[in-house]
file upload-v2.txt (compact mmCIF, C-alpha atoms (C1' of nucleotides))
# COMPACT_ATOMS: atom_id res chain seq x y z
CA MET X 1 18.44 -8.60 -0.37
CA GLN X 2 15.37 -7.74 1.66
CA ILE X 3 12.67 -5.35 0.51
CA ALA X 4 9.50 -4.15 2.19
CA SER X 5 6.39 -2.11 1.50
CA TRP X 6 4.27 -0.16 3.98
CA ASN X 7 1.28 2.12 3.62
CA VAL X 8 2.05 4.50 6.48
CA ASN X 9 -1.05 6.75 6.24
CA SER X 10 0.91 10.00 6.74
CA LEU X 11 4.70 9.86 6.95
CA LYS X 12 4.58 13.04 9.05
CA VAL X 13 2.74 11.16 11.80
CA ARG X 14 4.44 7.80 11.24
CA LEU X 15 8.10 8.83 10.73
CA PRO X 16 9.12 7.77 14.28
CA GLN X 17 7.49 4.37 13.70
CA VAL X 18 9.21 3.98 10.32
CA LEU X 19 12.57 4.75 11.93
CA ASP X 20 11.87 2.36 14.83
CA TRP X 21 10.78 -0.37 12.42
CA LEU X 22 13.86 0.08 10.22
CA ARG X 23 16.12 -0.24 13.24
CA GLU X 24 14.54 -3.62 14.02
CA ASN X 25 14.15 -4.58 10.35
CA PRO X 26 17.11 -3.10 8.44
CA VAL X 27 15.74 -3.96 5.00
CA ASP X 28 17.70 -2.89 1.92
CA ALA X 29 14.72 -1.02 0.50
CA LEU X 30 11.36 0.16 1.83
CA ALA X 31 8.51 1.37 -0.38
CA LEU X 32 6.07 3.73 1.30
CA GLN X 33 2.53 4.69 0.30
CA GLU X 34 0.20 7.44 1.49
CA THR X 35 3.07 9.64 2.62
CA LYS X 36 0.68 12.63 2.33
CA LEU X 37 3.65 14.99 2.10
CA LYS X 38 4.66 17.62 -0.40
CA ASP X 39 8.15 16.91 -1.74
CA GLU X 40 9.58 19.97 0.04
CA ASN X 41 8.44 18.52 3.38
CA PHE X 42 9.88 15.04 2.85
CA PRO X 43 12.11 14.06 5.83
CA VAL X 44 15.24 13.50 3.72
CA GLU X 45 17.71 14.24 6.52
CA ALA X 46 16.13 12.06 9.22
CA LEU X 47 16.14 9.14 6.82
CA ARG X 48 19.68 9.84 5.64
CA ASP X 49 20.79 9.84 9.29
CA ALA X 50 19.16 6.40 9.56
CA GLY X 51 21.20 5.20 6.58
CA TYR X 52 18.63 5.51 3.81
CA ALA X 53 18.56 7.43 0.56
CA ALA X 54 15.07 8.46 -0.55
CA VAL X 55 13.18 9.22 -3.72
CA PHE X 56 9.61 10.43 -3.52
CA ALA X 57 6.61 11.74 -5.42
CA GLY X 58 4.20 13.50 -3.13
CA GLN X 59 1.36 15.95 -2.89
CA SER X 60 -0.51 17.66 -0.13
CA ALA X 61 -2.96 15.71 2.07
CA TYR X 62 -3.51 12.68 -0.19
CA ASN X 63 -1.58 9.87 -1.85
CA GLY X 64 2.21 10.16 -2.16
CA VAL X 65 4.77 7.37 -2.69
CA ALA X 66 8.44 7.03 -1.76
CA VAL X 67 11.26 4.51 -1.87
CA LEU X 68 13.99 4.34 0.78
CA SER X 69 17.20 2.44 0.08
CA ARG X 70 20.51 1.71 1.80
CA SER X 71 22.25 1.71 -1.61
CA PRO X 72 21.98 4.26 -4.44
CA ILE X 73 18.70 4.68 -6.30
CA THR X 74 18.75 5.31 -10.06
CA ALA X 75 16.45 5.45 -13.10
CA VAL X 76 13.56 7.02 -11.20
CA ARG X 77 10.25 7.42 -12.98
CA THR X 78 6.98 8.67 -11.53
CA GLY X 79 3.42 8.13 -12.69
CA LEU X 80 2.00 6.00 -15.49
CA PRO X 81 3.26 6.79 -19.01
CA GLY X 82 0.79 8.78 -21.11
CA PHE X 83 -1.50 9.39 -18.12
CA ASP X 84 -1.31 12.94 -16.83
CA ASP X 85 -2.65 12.40 -13.31
CA PRO X 86 -2.16 14.82 -10.40
CA GLN X 87 -2.58 11.88 -7.97
CA GLN X 88 0.91 10.67 -6.99
CA ARG X 89 0.58 6.89 -6.93
CA VAL X 90 3.49 5.37 -8.87
CA LEU X 91 7.24 5.46 -8.34
CA ALA X 92 9.63 3.19 -10.25
CA CYS X 93 13.35 3.00 -9.60
CA THR X 94 16.41 0.79 -9.89
CA ILE X 95 18.43 -0.40 -6.88
CA GLY X 96 21.43 -2.47 -7.97
CA PRO X 97 20.10 -5.53 -9.80
CA LEU X 98 16.50 -4.86 -8.76
CA ARG X 99 13.86 -2.89 -10.63
CA LEU X 100 11.24 -1.79 -8.10
CA ILE X 101 7.82 -0.35 -8.86
CA ASN X 102 5.99 1.12 -5.89
CA LEU X 103 2.20 1.46 -6.23
CA TYR X 104 -0.61 3.07 -4.35
CA VAL X 105 -3.54 1.66 -6.32
CA PRO X 106 -6.73 3.77 -6.14
CA ASN X 107 -9.09 2.61 -3.39
CA GLY X 108 -12.25 2.87 -5.50
CA GLN X 109 -14.48 3.80 -2.53
CA SER X 110 -17.43 1.58 -3.59
CA VAL X 111 -18.38 -0.36 -6.71
CA ASP X 112 -21.00 2.24 -7.70
CA SER X 113 -18.57 5.18 -7.36
CA ASP X 114 -16.85 7.06 -10.17
CA LYS X 115 -13.67 6.39 -8.16
CA TYR X 116 -14.21 2.69 -8.90
CA VAL X 117 -14.32 3.45 -12.62
CA TYR X 118 -11.06 5.42 -12.20
CA LYS X 119 -9.54 2.46 -10.34
CA LEU X 120 -10.31 -0.03 -13.13
CA ASP X 121 -9.13 2.40 -15.82
CA TRP X 122 -5.95 3.04 -13.82
CA LEU X 123 -5.31 -0.71 -13.49
CA ALA X 124 -5.71 -1.16 -17.26
CA ARG X 125 -3.10 1.54 -17.88
CA LEU X 126 -0.86 -0.04 -15.24
CA ARG X 127 -0.95 -3.32 -17.15
CA ASP X 128 0.62 -1.75 -20.23
CA TYR X 129 3.29 -0.07 -18.10
CA LEU X 130 4.19 -3.29 -16.29
CA GLN X 131 4.36 -5.17 -19.57
CA ALA X 132 6.95 -2.67 -20.84
CA GLU X 133 8.91 -2.73 -17.57
CA LEU X 134 8.96 -6.55 -17.52
CA ALA X 135 10.34 -6.61 -21.05
CA GLU X 136 13.21 -4.38 -19.91
CA HIS X 137 13.91 -5.67 -16.40
CA PRO X 138 14.11 -9.41 -15.61
CA HIS X 139 14.41 -8.78 -11.87
CA LEU X 140 11.22 -6.79 -11.34
CA ALA X 141 9.28 -6.42 -8.07
CA VAL X 142 5.93 -4.62 -8.09
CA VAL X 143 5.01 -3.73 -4.52
CA GLY X 144 2.54 -1.61 -2.65
CA ASP X 145 -1.03 -1.10 -1.54
CA PHE X 146 -3.04 -2.79 -4.32
CA ASN X 147 -6.39 -2.15 -2.64
CA ILE X 148 -7.45 -5.59 -3.92
CA ALA X 149 -7.68 -8.80 -1.87
CA PRO X 150 -6.51 -11.45 -4.37
CA ASP X 151 -8.93 -14.18 -3.23
CA ASP X 152 -11.22 -15.18 -0.38
CA ARG X 153 -8.33 -16.57 1.70
CA ASP X 154 -7.24 -12.95 2.01
CA VAL X 155 -10.55 -11.78 3.52
CA HIS X 156 -11.70 -12.27 7.12
CA ASP X 157 -15.38 -12.56 6.16
CA PRO X 158 -15.66 -13.41 2.46
CA ALA X 159 -19.47 -13.56 2.55
CA ALA X 160 -19.75 -10.03 3.95
CA TRP X 161 -17.17 -8.72 1.49
CA ALA X 162 -18.49 -10.53 -1.60
CA GLY X 163 -18.87 -8.06 -4.48
CA GLN X 164 -17.68 -5.14 -2.34
CA VAL X 165 -14.86 -2.82 -3.30
CA LEU X 166 -11.41 -4.41 -2.64
CA CYS X 167 -12.94 -7.85 -3.34
CA SER X 168 -15.14 -7.46 -6.43
CA GLU X 169 -14.68 -9.69 -9.47
CA PRO X 170 -13.65 -6.88 -11.87
CA GLU X 171 -10.90 -5.83 -9.44
CA ARG X 172 -9.69 -9.39 -8.94
CA LYS X 173 -9.72 -9.93 -12.72
CA ALA X 174 -7.69 -6.73 -13.19
CA LEU X 175 -5.13 -8.09 -10.70
CA GLN X 176 -5.09 -11.44 -12.50
CA VAL X 177 -4.35 -9.59 -15.76
CA LEU X 178 -1.25 -8.16 -14.06
CA LEU X 179 -0.22 -11.61 -12.80
CA ASP X 180 -0.75 -13.03 -16.31
CA LEU X 181 2.05 -10.75 -17.54
CA GLY X 182 4.43 -13.05 -15.64
CA LEU X 183 4.19 -11.83 -12.07
CA THR X 184 3.62 -13.91 -8.93
CA ASP X 185 2.13 -12.94 -5.56
CA SER X 186 5.28 -13.74 -3.55
CA LEU X 187 3.45 -14.60 -0.34
CA ARG X 188 1.76 -17.47 -2.17
CA LEU X 189 5.13 -18.93 -3.20
CA HIS X 190 5.55 -20.06 0.39
CA GLU X 191 2.15 -19.96 2.07
CA SER X 192 -1.26 -21.26 1.05
CA ALA X 193 -3.13 -20.59 4.29
CA GLY X 194 -5.78 -17.92 4.66
CA GLY X 195 -6.10 -15.46 7.51
CA ILE X 196 -2.92 -13.53 6.71
CA TYR X 197 -3.80 -9.86 6.54
CA SER X 198 -2.03 -6.54 5.89
CA TRP X 199 -4.84 -4.06 6.57
CA TRP X 200 -7.36 -3.69 9.36
CA ASP X 201 -9.99 -0.94 9.47
CA TYR X 202 -9.47 1.57 12.27
CA ARG X 203 -13.10 1.15 13.23
CA MET X 204 -14.80 -1.54 15.30
CA MET X 205 -11.52 -2.78 16.82
CA ALA X 206 -10.87 -4.70 13.62
CA PHE X 207 -7.23 -5.48 14.44
CA ARG X 208 -7.95 -6.85 17.88
CA ARG X 209 -10.74 -8.95 16.39
CA LYS X 210 -8.47 -10.17 13.57
CA ARG X 211 -10.86 -8.78 10.96
CA GLY X 212 -8.46 -7.83 8.19
CA LEU X 213 -7.75 -8.07 4.48
CA ARG X 214 -4.55 -8.79 2.60
CA ILE X 215 -4.35 -5.95 0.10
CA ASP X 216 -0.63 -5.08 0.31
CA LEU X 217 1.40 -7.27 -2.03
CA VAL X 218 4.89 -7.97 -3.32
CA LEU X 219 4.59 -9.25 -6.90
CA VAL X 220 7.73 -10.71 -8.45
CA SER X 221 8.86 -11.53 -11.98
CA ALA X 222 9.69 -15.15 -12.85
CA ALA X 223 13.45 -14.63 -12.43
CA LEU X 224 12.92 -12.97 -9.06
CA ALA X 225 10.44 -15.65 -7.95
CA THR X 226 13.17 -18.31 -8.24
CA LEU X 227 15.30 -16.23 -5.83
CA CYS X 228 12.54 -15.45 -3.32
CA GLU X 229 13.33 -17.14 0.00
CA GLU X 230 10.69 -15.55 2.18
CA SER X 231 7.60 -13.34 1.94
CA ARG X 232 5.65 -12.32 5.01
CA ILE X 233 3.69 -9.61 6.78
CA ASP X 234 4.92 -8.03 10.02
CA ALA X 235 1.71 -7.24 11.89
CA THR X 236 3.60 -5.93 14.92
CA PRO X 237 3.43 -2.20 14.06
CA ARG X 238 -0.35 -2.44 13.65
CA GLY X 239 -0.48 -3.09 17.40
CA TRP X 240 1.58 -0.03 18.27
CA GLU X 241 0.20 3.18 19.72
CA ARG X 242 -1.31 5.42 16.99
CA PRO X 243 -0.61 2.95 14.17
CA SER X 244 -1.07 3.04 10.44
CA ASP X 245 -4.05 0.92 9.41
CA HIS X 246 -1.62 -1.15 7.26
CA ALA X 247 1.25 -3.44 8.27
CA PRO X 248 4.55 -3.76 6.40
CA VAL X 249 5.05 -6.63 3.93
CA ILE X 250 8.56 -8.06 3.52
CA ALA X 251 10.27 -10.23 0.91
CA ARG X 252 13.78 -11.66 0.90
CA PHE X 253 15.81 -12.74 -2.14
CA ARG X 254 19.04 -14.73 -2.34
CA ASN X 255 21.89 -14.04 -4.77
CA LEU X 256 20.65 -10.52 -5.24
CA SER X 257 23.14 -8.14 -3.68
C1' DA E 1 -27.70 -1.03 14.62
C1' DT E 2 -26.06 1.32 7.38
C1' DG E 3 -22.60 3.08 12.62
C1' DG E 4 -17.63 2.72 14.13
C1' DT E 5 -11.89 5.89 13.35
C1' DC E 6 -8.19 7.95 11.47
C1' DG E 7 -5.53 11.94 8.80
C1' DT E 8 -5.86 15.92 6.29
C1' DC E 9 -5.65 21.79 3.30
C1' DT E 10 -10.61 19.58 9.72
C1' DC E 11 -17.50 21.48 10.51
C1' DA E 12 -15.96 17.56 4.83
C1' DC E 13 -13.83 14.11 2.53
C1' DG E 14 -11.02 10.07 1.46
C1' DA E 15 -9.78 5.76 3.24

call {"tool": "encode", "arguments": {"input": "upload-v2.txt", "output": "structure tokens"}}
result
Amino acid sequence: MQIASWNVNSLKVRLPQVLDWLRENPVDALALQETKLKDENFPVEALRDAGYAAVFAGQSAYNGVAVLSRSPITAVRTGLPGFDDPQQRVLACTIGPLRLINLYVPNGQSVDSDKYVYKLDWLARLRDYLQAELAEHPHLAVVGDFNIAPDDRDVHDPAAWAGQVLCSEPERKALQVLLDLGLTDSLRLHESAGGIYSWWDYRMMAFRRKRGLRIDLVLVSAALATLCEESRIDATPRGWERPSDHAPVIARFRNLS
DNA sequence: ATGGTCGTCTCACGA
């Protein structure tokens, strides 16, 4: 089984690229973030024609998450329990033996912003949710745009980014609290090198200059980690015409149909 | 040089 996650920064704009990418990379499931679509505008038919069922939780202009799957999707839940938030950032579902949680973690804007306070509060609530989901689902993958670079290997210029949003200690500690529940950053199961990025700012030709961050992650439970054969980032679509600022991340599991 | 570029409900804001 192969799964992927991609912050598309508007599915309306990026739908042709998603369809092109799926033709080349026919993953079993694809989690999308920043769809920026109301549910009534979600391109259900185009994706069905491409062989994918879809579940989605969207809103106008901002946020929005979706999961596409070649096999049926069940047990769908949106949002964080006990947190009545209009921002659509969380979508959990079951696909065969896999429990998948798709996240668009708040960006936080800057460490002195009230959005940063919201981000850390949101991550604390997420911890409790993931703890409950892990207790119920041994084969759990938590994927998405975490808006946190786990460590300095994941940052093109750690000195410039030190203490900044996406790299600050409180954010990294909040991510570590999630990992301490029994989750593993799947890319690090197979790769210890730095310089592997999933996001490049649109400005200053950051992609061409290889100035990126790795903030899009596939976290896996212990049982899933033993089955994980591969975890990588496909930077190709970032080089396409009119790209998303994020690249898709992919993980493959054996003995998981 | 405190900018730069995207996408959106576009002359403002979020990323």

call {"tool": "interface_residues", "arguments": {"input": "upload-v2.txt", "of": "chain E", "to": "chain X", "cutoff": "6 Å", "atoms": "all atoms listed in the file", "output": "ChimeraX atom specification"}}
result
/E:4-5,8

call {"tool": "atom_distance", "arguments": {"input": "upload-v2.txt", "atom1": "CA of Gly79 (chain X)", "atom2": "CA of Gln59 (chain X)"}}
result
12.7 Å

call {"tool": "closest_residue", "arguments": {"input": "upload-v2.txt", "among": "X:Pro86, X:Pro237, X:Gly195, X:Pro43", "to": "Phe56 (chain X)", "atoms": "only C-alpha atoms"}}
result
X:Pro43

call {"tool": "residues_around", "arguments": {"input": "upload-v2.txt", "residues": "Ala206 (chain X)", "least_positions_apart": "5", "cutoff": "12 Å", "atoms": "all atoms listed in the file", "output": "list in words"}}
result
His156, Asp157, Tyr197, Ser198, Trp199, Trp200, Asp201, Arg211, Gly212, Leu213, Arg238, Gly239, Asp245 and His246 of chain X; DG4 and DT5 of chain E

call {"tool": "atom_distance", "arguments": {"input": "upload-v2.txt", "atom1": "CA of Ile73 (chain X)", "atom2": "CA of Leu224 (chain X)"}}
result
18.8 Å

call {"tool": "atom_distance", "arguments": {"input": "upload-v2.txt", "atom1": "CA of Val67 (chain X)", "atom2": "CA of Gly82 (chain X)"}}
result
22.3 Å

call {"tool": "residues_near_point", "arguments": {"input": "upload-v2.txt", "point": "(12.1, -8.9, 0.3)", "cutoff": "9 Å", "atoms": "all atoms listed in the file", "output": "compact mmCIF listing (two decimals) with C-alpha atoms, in the coordinates of the input"}}
result
# COMPACT_ATOMS: atom_id res chain seq x y z
CA MET X 1 18.44 -8.60 -0.37
CA GLN X 2 15.37 -7.74 1.66
CA ILE X 3 12.67 -5.35 0.51
CA ALA X 4 9.50 -4.15 2.19
CA SER X 5 6.39 -2.11 1.50
CA VAL X 27 15.74 -3.96 5.00
CA ASP X 28 17.70 -2.89 1.92
CA ALA X 29 14.72 -1.02 0.50
CA VAL X 218 4.89 -7.97 -3.32
CA CYS X 228 12.54 -15.45 -3.32
CA GLU X 229 13.33 -17.14 0.00
CA GLU X 230 10.69 -15.55 2.18
CA SER X 231 7.60 -13.34 1.94
CA ARG X 232 5.65 -12.32 5.01
CA VAL X 249 5.05 -6.63 3.93
CA ILE X 250 8.56 -8.06 3.52
CA ALA X 251 10.27 -10.23 0.91
CA ARG X 252 13.78 -11.66 0.90
CA PHE X 253 15.81 -12.74 -2.14

call {"tool": "residues_around", "arguments": {"input": "upload-v2.txt", "residues": "region 95-98 of chain X", "least_positions_apart": "4", "cutoff": "8 Å", "atoms": "only C-alpha atoms (C1' of nucleotides)", "output": "tab-separated table (two decimals) with C-alpha atoms, in the frame of the given file"}}
result
chain	number	residue	atom	x	y	z
X	69	SER	CA	17.20	2.44	0.08
X	71	SER	CA	22.25	1.71	-1.61
X	72	PRO	CA	21.98	4.26	-4.44
X	73	ILE	CA	18.70	4.68	-6.30
X	74	THR	CA	18.75	5.31	-10.06
X	139	HIS	CA	14.41	-8.78	-11.87
X	140	LEU	CA	11.22	-6.79	-11.34
X	141	ALA	CA	9.28	-6.42	-8.07
X	256	LEU	CA	20.65	-10.52	-5.24
X	257	SER	CA	23.14	-8.14	-3.68

call {"tool": "closest_residue", "arguments": {"input": "upload-v2.txt", "among": "X:Asp112, X:Asp128, X:Asp154, X:Asp234", "to": "Arg188 (chain X)", "atoms": "only C-alpha atoms"}}
result
X:Asp154

call {"tool": "residues_near_point", "arguments": {"input": "upload-v2.txt", "point": "(6.5, 10.4, 10.1)", "cutoff": "10 Å", "atoms": "only C-alpha atoms (C1' of nucleotides)", "output": "JSON, numbers by chain"}}
result
{"X": [8, 9, 10, 11, 12, 13, 14, 15, 16, 17, 18, 19, 35, 36, 37, 42, 43, 46]}

call {"tool": "closest_residue", "arguments": {"input": "upload-v2.txt", "among": "X:Leu30, X:Leu80, X:Leu91, X:Val155", "to": "Gly58 (chain X)", "atoms": "all atoms listed in the file"}}
result
X:Leu91

call {"tool": "closest_residue", "arguments": {"input": "upload-v2.txt", "among": "X:Asp151, X:Glu24, X:Leu166, X:Leu126", "to": "Leu178 (chain X)", "atoms": "only C-alpha atoms"}}
result
X:Leu126

call {"tool": "closest_residue", "arguments": {"input": "upload-v2.txt", "among": "X:Ala149, X:Ala50, X:Ile215, X:Ala31", "to": "Leu100 (chain X)", "atoms": "all atoms listed in the file"}}
result
X:Ala31
